[in-house]
Every structure is written in structure tokens, then in C-alpha cells.
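Student: This one is structure.cif, mmCIF, C-alpha atoms.
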```cif
data_protein
#
loop_
_atom_site.group_PDB
_atom_site.id
_atom_site.type_symbol
_atom_site.label_atom_id
_atom_site.label_comp_id
_atom_site.auth_asym_id
_atom_site.auth_seq_id
_atom_site.Cartn_x
_atom_site.Cartn_y
_atom_site.Cartn_z
ATOM 1 C CA ALA A 1 -28.316 7.443 -50.714
ATOM 2 C CA SER A 2 -26.985 6.408 -54.102
ATOM 3 C CA VAL A 3 -25.584 8.857 -56.580
ATOM 4 C CA GLU A 4 -26.699 8.334 -60.158
ATOM 5 C CA SER A 5 -24.013 8.957 -62.720
ATOM 6 C CA GLU A 6 -25.213 10.785 -65.780
ATOM 7 C CA GLU A 7 -23.593 9.996 -69.096
ATOM 8 C CA ILE A 8 -22.571 13.101 -70.961
ATOM 9 C CA SER A 9 -23.375 12.951 -74.627
ATOM 10 C CA LYS A 10 -20.557 13.734 -76.965
ATOM 11 C CA VAL A 11 -21.018 15.852 -80.057
ATOM 12 C CA SER A 12 -18.155 16.187 -82.506
ATOM 13 C CA CYS A 13 -17.839 17.582 -86.009
ATOM 14 C CA TYR A 14 -15.016 16.895 -88.421
ATOM 15 C CA PRO A 15 -13.272 18.187 -90.353
ATOM 16 C CA ASN A 16 -13.540 21.676 -88.908
ATOM 17 C CA PRO A 17 -13.000 23.953 -90.828
ATOM 18 C CA ILE A 18 -15.213 22.388 -93.490
ATOM 19 C CA ASP A 19 -14.237 22.262 -97.163
ATOM 20 C CA ASP A 20 -17.096 20.170 -98.575
ATOM 21 C CA GLN A 21 -18.469 17.124 -96.776
ATOM 22 C CA PHE A 22 -18.436 16.927 -92.995
ATOM 23 C CA THR A 23 -19.491 14.453 -90.351
ATOM 24 C CA ILE A 24 -21.325 15.058 -87.109
ATOM 25 C CA LYS A 25 -20.795 12.251 -84.618
ATOM 26 C CA LEU A 26 -23.102 11.852 -81.622
ATOM 27 C CA GLU A 27 -22.444 9.266 -78.927
ATOM 28 C CA ASN A 28 -24.489 8.116 -75.932
ATOM 29 C CA ILE A 29 -27.476 10.285 -76.764
ATOM 30 C CA GLU A 30 -31.042 9.992 -75.536
ATOM 31 C CA SER A 31 -33.735 9.073 -78.012
ATOM 32 C CA ASN A 32 -35.948 12.026 -78.953
ATOM 33 C CA SER A 33 -32.991 14.369 -79.272
ATOM 34 C CA LEU A 34 -32.599 16.840 -82.108
ATOM 35 C CA LEU A 35 -29.889 18.606 -84.010
ATOM 36 C CA LYS A 36 -29.991 21.935 -85.822
ATOM 37 C CA ILE A 37 -27.459 24.021 -87.713
ATOM 38 C CA PHE A 38 -27.790 27.813 -87.651
ATOM 39 C CA ASP A 39 -25.872 30.538 -89.434
ATOM 40 C CA ILE A 40 -24.349 33.500 -87.595
ATOM 41 C CA ASN A 41 -27.622 35.458 -88.026
ATOM 42 C CA GLY A 42 -29.719 32.727 -86.418
ATOM 43 C CA LYS A 43 -31.213 31.353 -89.649
ATOM 44 C CA GLN A 44 -31.861 27.612 -89.397
ATOM 45 C CA MET A 45 -29.976 25.774 -92.156
ATOM 46 C CA TYR A 46 -30.602 22.157 -91.093
ATOM 47 C CA TYR A 47 -32.793 20.153 -88.714
ATOM 48 C CA THR A 48 -33.092 16.480 -87.869
ATOM 49 C CA ASP A 49 -34.645 14.347 -85.150
ATOM 50 C CA LEU A 50 -32.324 11.746 -83.633
ATOM 51 C CA HIS A 51 -33.658 8.360 -82.581
ATOM 52 C CA SER A 52 -30.718 6.081 -81.837
ATOM 53 C CA GLU A 53 -28.026 6.102 -79.169
ATOM 54 C CA ASN A 54 -25.227 6.744 -81.642
ATOM 55 C CA GLU A 55 -25.610 8.768 -84.820
ATOM 56 C CA LEU A 56 -23.178 9.505 -87.606
ATOM 57 C CA LEU A 57 -24.442 12.217 -89.964
ATOM 58 C CA THR A 58 -22.522 12.917 -93.151
ATOM 59 C CA LEU A 59 -23.557 16.241 -94.651
ATOM 60 C CA SER A 60 -22.410 18.411 -97.522
ATOM 61 C CA LYS A 61 -22.029 22.178 -97.400
ATOM 62 C CA ASN A 62 -23.425 22.341 -100.959
ATOM 63 C CA ASP A 63 -26.538 20.305 -100.092
ATOM 64 C CA LEU A 64 -27.203 22.554 -97.107
ATOM 65 C CA GLN A 65 -26.301 25.679 -99.114
ATOM 66 C CA LEU A 66 -23.716 26.752 -96.547
ATOM 67 C CA ASN A 67 -21.633 29.666 -97.758
ATOM 68 C CA ALA A 68 -18.226 30.429 -96.261
ATOM 69 C CA GLY A 69 -18.582 31.607 -92.680
ATOM 70 C CA ILE A 70 -19.306 30.613 -89.095
ATOM 71 C CA TYR A 71 -22.183 28.286 -88.193
ATOM 72 C CA PHE A 72 -23.438 26.731 -84.987
ATOM 73 C CA ILE A 73 -24.488 23.138 -84.400
ATOM 74 C CA LEU A 74 -27.199 23.059 -81.748
ATOM 75 C CA PHE A 75 -27.832 19.695 -80.089
ATOM 76 C CA VAL A 76 -30.839 19.416 -77.770
ATOM 77 C CA GLU A 77 -31.217 16.433 -75.449
ATOM 78 C CA ASN A 78 -33.996 16.518 -72.852
ATOM 79 C CA SER A 79 -33.650 20.051 -71.480
ATOM 80 C CA LYS A 80 -29.889 20.299 -72.127
ATOM 81 C CA THR A 81 -28.466 22.180 -75.092
ATOM 82 C CA THR A 82 -24.955 21.789 -76.481
ATOM 83 C CA THR A 83 -23.582 24.230 -79.050
ATOM 84 C CA LYS A 84 -20.563 23.681 -81.299
ATOM 85 C CA LYS A 85 -19.074 26.339 -83.562
ATOM 86 C CA ILE A 86 -18.030 25.270 -87.058
ATOM 87 C CA LEU A 87 -16.267 27.152 -89.828
ATOM 88 C CA VAL A 88 -17.098 26.661 -93.503
ATOM 89 C CA LYS A 89 -14.344 27.610 -95.953
#
```
With the file now loaded, output its structure as C-alpha cells.
Tutor:
Amino acid sequence: ASVESEEISKVSCYPNPIDDQFTIKLENIESNSLLKIFDINGKQMYYTDLHSENELLTLSKNDLQLNAGIYFILFVENSKTTTKKILVK
């Protein structure tokens, strides 16, 4: 029997903590994935569908109206969810 290796998608956000603009880098992702940003109270601040294998999203805290505090990046690929914590100054 052969063992299939499963590529793990990588989600990174920099800089973190965030002063103004920030970048979310996604590598080796499945098409039909999605990315959301939530505040500490669970309010959705951002949403996007992802369609290519590698994505580089450059976002601004002002455009997203992110006040200082803790936020969570939620990345959903197939049935797997990855969460990253980010801090906005």
C-alpha cells in the first residue's frame, strides 16, 4: 500500500504586530479555500475567496477599520481550519 503525502499549507502574516499595512502569505493552498479575519469578539472584519496555489494579500488596518487589539486570521481549506493570532498596534 502506498502512503500519500499531504502538503501542509503555510499561512504567515507579517509584520506582526501590525502598524499599518500587513501581508498575508499563503503557500501550497487548495483552490476554493477562504480567508477571514475576526476580532476578539468574533465579528468578521474581512473575507476573501482564494483561487490560486499561492496568494499574497497586502491589507491595511485603516481599510479594514482595525482598531488596536488582537485579531484572528482564519484560513479554511477543504475541511481543515488554521488560525493565526495577530496584534494591531
Student: Report as a list in words the full result of the PyMOL selection byres ((chain A and resi 83) around 7) when it is applied to this structure.
Tutor: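 Answer for the PyMOL selection byres ((chain A and resi 83) around 7): Phe72, Ile73, Leu74, Phe75, Thr81, Thr82, Lys84 and Lys85 of chain A.
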Student: Would you compute the distance between CA of Ala68 (chain A) and CA of Pro15 (chain A)? Give it in Å to one decimal.
Tutor: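 According to the coordinates, CA of Ala68 (chain A) and CA of Pro15 (chain A) are separated by 14.5 Å.
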Student: Report, in Å to a single decimal, how far apart CA of Ile24 (chain A) and CA of Tyr71 (chain A) are.
Tutor: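 Calculated distance between CA of Tyr71 (chain A) and CA of Ile24 (chain A) is 13.3 Å.
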Student: Evaluated on this file, the PyMOL selection byres ((chain A and resi 39-55) around 12) picks out some residues - which ones are they, written as an MDAnalysis selection string?
Tutor: chainID A and resid 7 9:13 23:38 56:78 84:88
Student: Kindly compute an axis-aligned box around the listed atoms of region 50-59 of chain A, allowing 8 Å on each side, and express its centre and edge lengths in Å to one decimal as JSON.
Tutor:
```
{"center_x": -28.1, "center_y": 11.2, "center_z": -86.9, "size_x": 27.1, "size_y": 26.2, "size_z": 31.5}
```
